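Asks: I'd like to ask you about the structure that follows.
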Amino acid sequence: MPFPARIDVHQHVVPPVWAETLAAQGLDSGGWAIPGWSPKSAIAMMDQQGIATGVLSVTAPGVHLGDEAQARGLARVVNEYGAEVVKDAPDRFGHFAGIPLPDVDAAVAEAVHALDTLHADGVVLMSNARGRYLGDPDFEALWAELDRRGANVLIHPAQPPMALLPGTPAPLADYVFDTTRSALNLVLNGVMHRNPNVRVILSHGGGFLPYAAYRFTGLTSTVVDRERKAEDILRDLKRFYFDTALSASPSALPALLAFAEPGHILYGSDWPFAPHEAGSYYNHYLETYPDFAPGQADAINRKSAEILFPRLAR
């Protein structure tokens, strides 16, 4: 690209206190090491990869590491750090606030504070919260609050409640599975139907949801819940947005483009957990894809994100 133009909705921040807390507890991101990060290094990467703005979020395991009091404090510090990064370079950065689920009261309070006081561009939720999925009825108060605000929500995968496959870090395989599991849980439990104003972005092309969507609709309506019509389930599945992080490929793009509603595919890099070389690898496939409809590439790179994040519109 001749100049930085993309809006990257899946780019990570590594707040020092968050990295230090994980290290002190012997944690990483599903078997993936926590990389170094700074605003300067992020901007350098973005300039090289044609990215105008990165909307930052913490990755798995998020801000709830098992202790509720710690989670409340960590979420606040992490979100204030992200807000300061945006304040210093508002044209280059946006911010999804970390939310301390499964503590629902704390999650609602932090979402309100982040959106109203810190002016976050949305919130990030892990695909499961300490083993509890996002369609859990106990989480309805959070979804209702986010819906009232028409909030942007990035769902980032986390390690599912099962052991890692030996030699296979969670981001390689389990994250794809857990994104799909969480999205289906949201639809089957009616969260997407009850909360029509929230905009939910699924990481990594939605896992394998676009590929398997009609499996989910057909079997649900004929076997799992005969009271629900396939077209109603499909409508709720199509409400999701999808980012292209690690998913702009000759096999994934056709399924994603065939399934997603117009304007529902957004650029994502997954940097720095996906290194610069990975970004170049997937950008090549995105930039050389031969079957985009007119305007579709521009929509993915920037235009669709401008609708969700109007402050970033040119």
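In the structure tokens, chains take letters A, B, ... by order of appearance, with residues numbered from 1 within each chain and ligands from 1 in the order shown.
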Do you know which residues are at most 10 Å from range 16-18 of chain A counting only C-alpha atoms, after dropping those on the same chain fewer than 4 positions away, and could you put them as a list of chain:residue names?
Replies: A:Leu22, A:Ala23, A:Ala24, A:Gly36, A:Trp37, A:Ser38, A:Val58, A:Gly62, A:Val63, A:Leu74, A:Ala75, A:Val77, A:Val78, A:Tyr81
Asks: Within 6 Å of range 89-105 of chain A, counting only C-alpha atoms, which residues show up once you throw out same-chain ones fewer than 4 positions away? Write them as a list in words, please.
Replies: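 What passes the distance filter is Ala52, Thr53, Gly54, Val55, Leu56, Ser57, Val63, His64, Ala71, Ala75, Asn79, Ala120, Asp121, Gly122, Val123, Val124 and Ala129 of chain A.
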Asks: May I have the selected residues written with all heavy atoms, as a compact mmCIF listing (two decimals), in the first residue's frame?
Replies:
```
# COMPACT_ATOMS: atom_id res chain seq x y z
N ALA A 52 -2.80 2.47 9.37
CA ALA A 52 -2.89 3.82 9.91
C ALA A 52 -3.14 3.81 11.40
O ALA A 52 -2.55 4.58 12.16
CB ALA A 52 -4.01 4.59 9.20
N THR A 53 -4.06 2.93 11.84
CA THR A 53 -4.48 2.91 13.24
C THR A 53 -4.62 1.47 13.70
O THR A 53 -5.21 0.64 13.01
CB THR A 53 -5.83 3.63 13.42
OG1 THR A 53 -5.74 4.95 12.87
CG2 THR A 53 -6.21 3.72 14.88
N GLY A 54 -4.10 1.19 14.90
CA GLY A 54 -4.29 -0.10 15.54
C GLY A 54 -5.19 0.04 16.75
O GLY A 54 -4.94 0.86 17.63
N VAL A 55 -6.28 -0.73 16.78
CA VAL A 55 -7.17 -0.73 17.94
C VAL A 55 -6.65 -1.82 18.89
O VAL A 55 -6.75 -3.01 18.59
CB VAL A 55 -8.63 -0.97 17.53
CG1 VAL A 55 -9.55 -0.79 18.75
CG2 VAL A 55 -9.04 -0.01 16.43
N LEU A 56 -6.10 -1.40 20.01
CA LEU A 56 -5.32 -2.26 20.88
C LEU A 56 -6.20 -3.02 21.88
O LEU A 56 -7.21 -2.50 22.36
CB LEU A 56 -4.30 -1.42 21.65
CG LEU A 56 -3.35 -0.56 20.82
CD1 LEU A 56 -2.50 0.30 21.74
CD2 LEU A 56 -2.47 -1.44 19.93
N SER A 57 -5.77 -4.22 22.21
CA SER A 57 -6.45 -5.02 23.23
C SER A 57 -5.43 -5.95 23.88
O SER A 57 -4.43 -6.31 23.26
CB SER A 57 -7.59 -5.85 22.61
OG SER A 57 -7.07 -6.72 21.59
N VAL A 63 -7.64 -10.21 31.79
CA VAL A 63 -7.30 -9.51 33.04
C VAL A 63 -7.78 -10.25 34.28
O VAL A 63 -7.46 -9.84 35.40
CB VAL A 63 -7.86 -8.08 33.04
CG1 VAL A 63 -7.19 -7.23 31.97
CG2 VAL A 63 -9.39 -8.07 32.85
N HIS A 64 -8.55 -11.30 34.11
CA HIS A 64 -8.99 -12.11 35.27
C HIS A 64 -8.15 -13.38 35.29
O HIS A 64 -8.31 -14.27 34.46
CB HIS A 64 -10.47 -12.45 35.16
CG HIS A 64 -11.09 -12.89 36.45
ND1 HIS A 64 -10.57 -13.91 37.21
CD2 HIS A 64 -12.17 -12.42 37.14
CE1 HIS A 64 -11.31 -14.08 38.29
NE2 HIS A 64 -12.28 -13.18 38.28
N ALA A 71 -8.28 -9.06 39.73
CA ALA A 71 -8.82 -8.81 38.40
C ALA A 71 -9.37 -7.40 38.28
O ALA A 71 -9.18 -6.73 37.26
CB ALA A 71 -9.89 -9.85 38.06
N ALA A 75 -7.61 -4.89 35.70
CA ALA A 75 -8.40 -4.32 34.59
C ALA A 75 -8.29 -2.80 34.57
O ALA A 75 -8.08 -2.19 33.51
CB ALA A 75 -9.85 -4.75 34.71
N ASN A 79 -6.50 -0.75 31.55
CA ASN A 79 -7.32 0.13 30.73
C ASN A 79 -6.86 1.57 30.80
O ASN A 79 -6.92 2.30 29.79
CB ASN A 79 -8.79 -0.01 31.14
CG ASN A 79 -9.34 -1.38 30.81
OD1 ASN A 79 -8.82 -2.07 29.93
ND2 ASN A 79 -10.37 -1.80 31.53
N ALA A 120 -12.93 4.50 25.81
CA ALA A 120 -12.47 3.34 25.04
C ALA A 120 -13.34 3.18 23.80
O ALA A 120 -14.51 3.58 23.77
CB ALA A 120 -12.53 2.07 25.89
N ASP A 121 -12.76 2.58 22.77
CA ASP A 121 -13.47 2.36 21.51
C ASP A 121 -14.33 1.11 21.54
O ASP A 121 -15.03 0.81 20.56
CB ASP A 121 -12.47 2.28 20.36
CG ASP A 121 -11.73 3.59 20.18
OD1 ASP A 121 -12.34 4.56 19.72
OD2 ASP A 121 -10.53 3.65 20.52
N GLY A 122 -14.29 0.38 22.64
CA GLY A 122 -15.05 -0.85 22.79
C GLY A 122 -14.45 -1.64 23.93
O GLY A 122 -13.62 -1.15 24.70
N VAL A 123 -14.86 -2.89 24.04
CA VAL A 123 -14.33 -3.79 25.06
C VAL A 123 -13.88 -5.08 24.40
O VAL A 123 -14.36 -5.44 23.32
CB VAL A 123 -15.35 -4.08 26.18
CG1 VAL A 123 -15.85 -2.80 26.81
CG2 VAL A 123 -16.52 -4.93 25.66
N VAL A 124 -12.96 -5.77 25.06
CA VAL A 124 -12.54 -7.08 24.60
C VAL A 124 -12.95 -8.11 25.64
O VAL A 124 -12.75 -7.92 26.85
CB VAL A 124 -11.01 -7.14 24.33
CG1 VAL A 124 -10.19 -6.77 25.57
CG2 VAL A 124 -10.60 -8.52 23.81
N ALA A 129 -14.66 -17.24 29.97
CA ALA A 129 -14.21 -16.55 31.17
C ALA A 129 -14.02 -17.57 32.27
O ALA A 129 -14.99 -18.02 32.89
CB ALA A 129 -15.22 -15.49 31.58
```
Asks: Using only C-alpha atoms, which residue out of A:Arg302, A:Lys238, A:Lys87, A:Arg130 lies closest to Leu184 in chain A?
Replies: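 Among A:Arg302, A:Lys238, A:Lys87, A:Arg130, it is A:Lys238 that comes nearest to Leu184 in chain A.
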Asks: Which residues, written as a ChimeraX atom specification, have at least one atom at most 12 Å from Ser182 in chain A, with only C-alpha atoms counted and residues fewer than 3 positions away on the same chain left out?
Replies: /A:125-129,131-136,155-160,175-179,185-189,191-192,200-203,206-209,237,240
Asks: Env of Glu287 in chain A: 9 Å cut, atoms = only C-alpha atoms, seq-sep filter 3 positions within chain, self excluded. Answer as number ranges by chain.
Replies: A: 1, 282-284, 290, 297
Asks: Go through A:Thr222, A:Gly31, A:Thr217, A:Met46 and flag the residue nearest Gly167 in chain A, using only C-alpha atoms for the distances.
Replies: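 Looking at the shortest contact to Gly167 in chain A, the residue is A:Gly31.
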Asks: Measuring between only C-alpha atoms, which one of A:Leu146, A:Leu256, A:Phe216, A:His276 shows the shortest distance to Glu110 in chain A?
Replies: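 Nearest candidate to Glu110 in chain A out of A:Leu146, A:Leu256, A:Phe216, A:His276: A:Leu146.
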Asks: What lies within 7 Å of Arg72 in chain A using only C-alpha atoms, ignoring chain neighbours under 4 positions off, as an NGL selection string?
Replies: :A and (68 or 76 or 100 or 106)
Asks: At a cut-off of 9 Å, using only C-alpha atoms, what residues contact Ile51 in chain A? Leave out same-chain residues fewer than 5 positions from it and give the result as JSON, numbers by chain.
Replies: {"A": [3, 4, 5, 6, 7, 8, 43, 45, 46, 92, 301]}
Asks: May I ask which of the residues A:Thr117, A:Leu308, A:Gly268, A:Glu231 is the closest one to Gly150 in chain A, counting only C-alpha atoms?
Replies: A:Leu308
Asks: Tell me, in Å to one decimal, how far CA of Val9 in chain A is from CA of Pro196 in chain A.
Replies: 20.8 Å
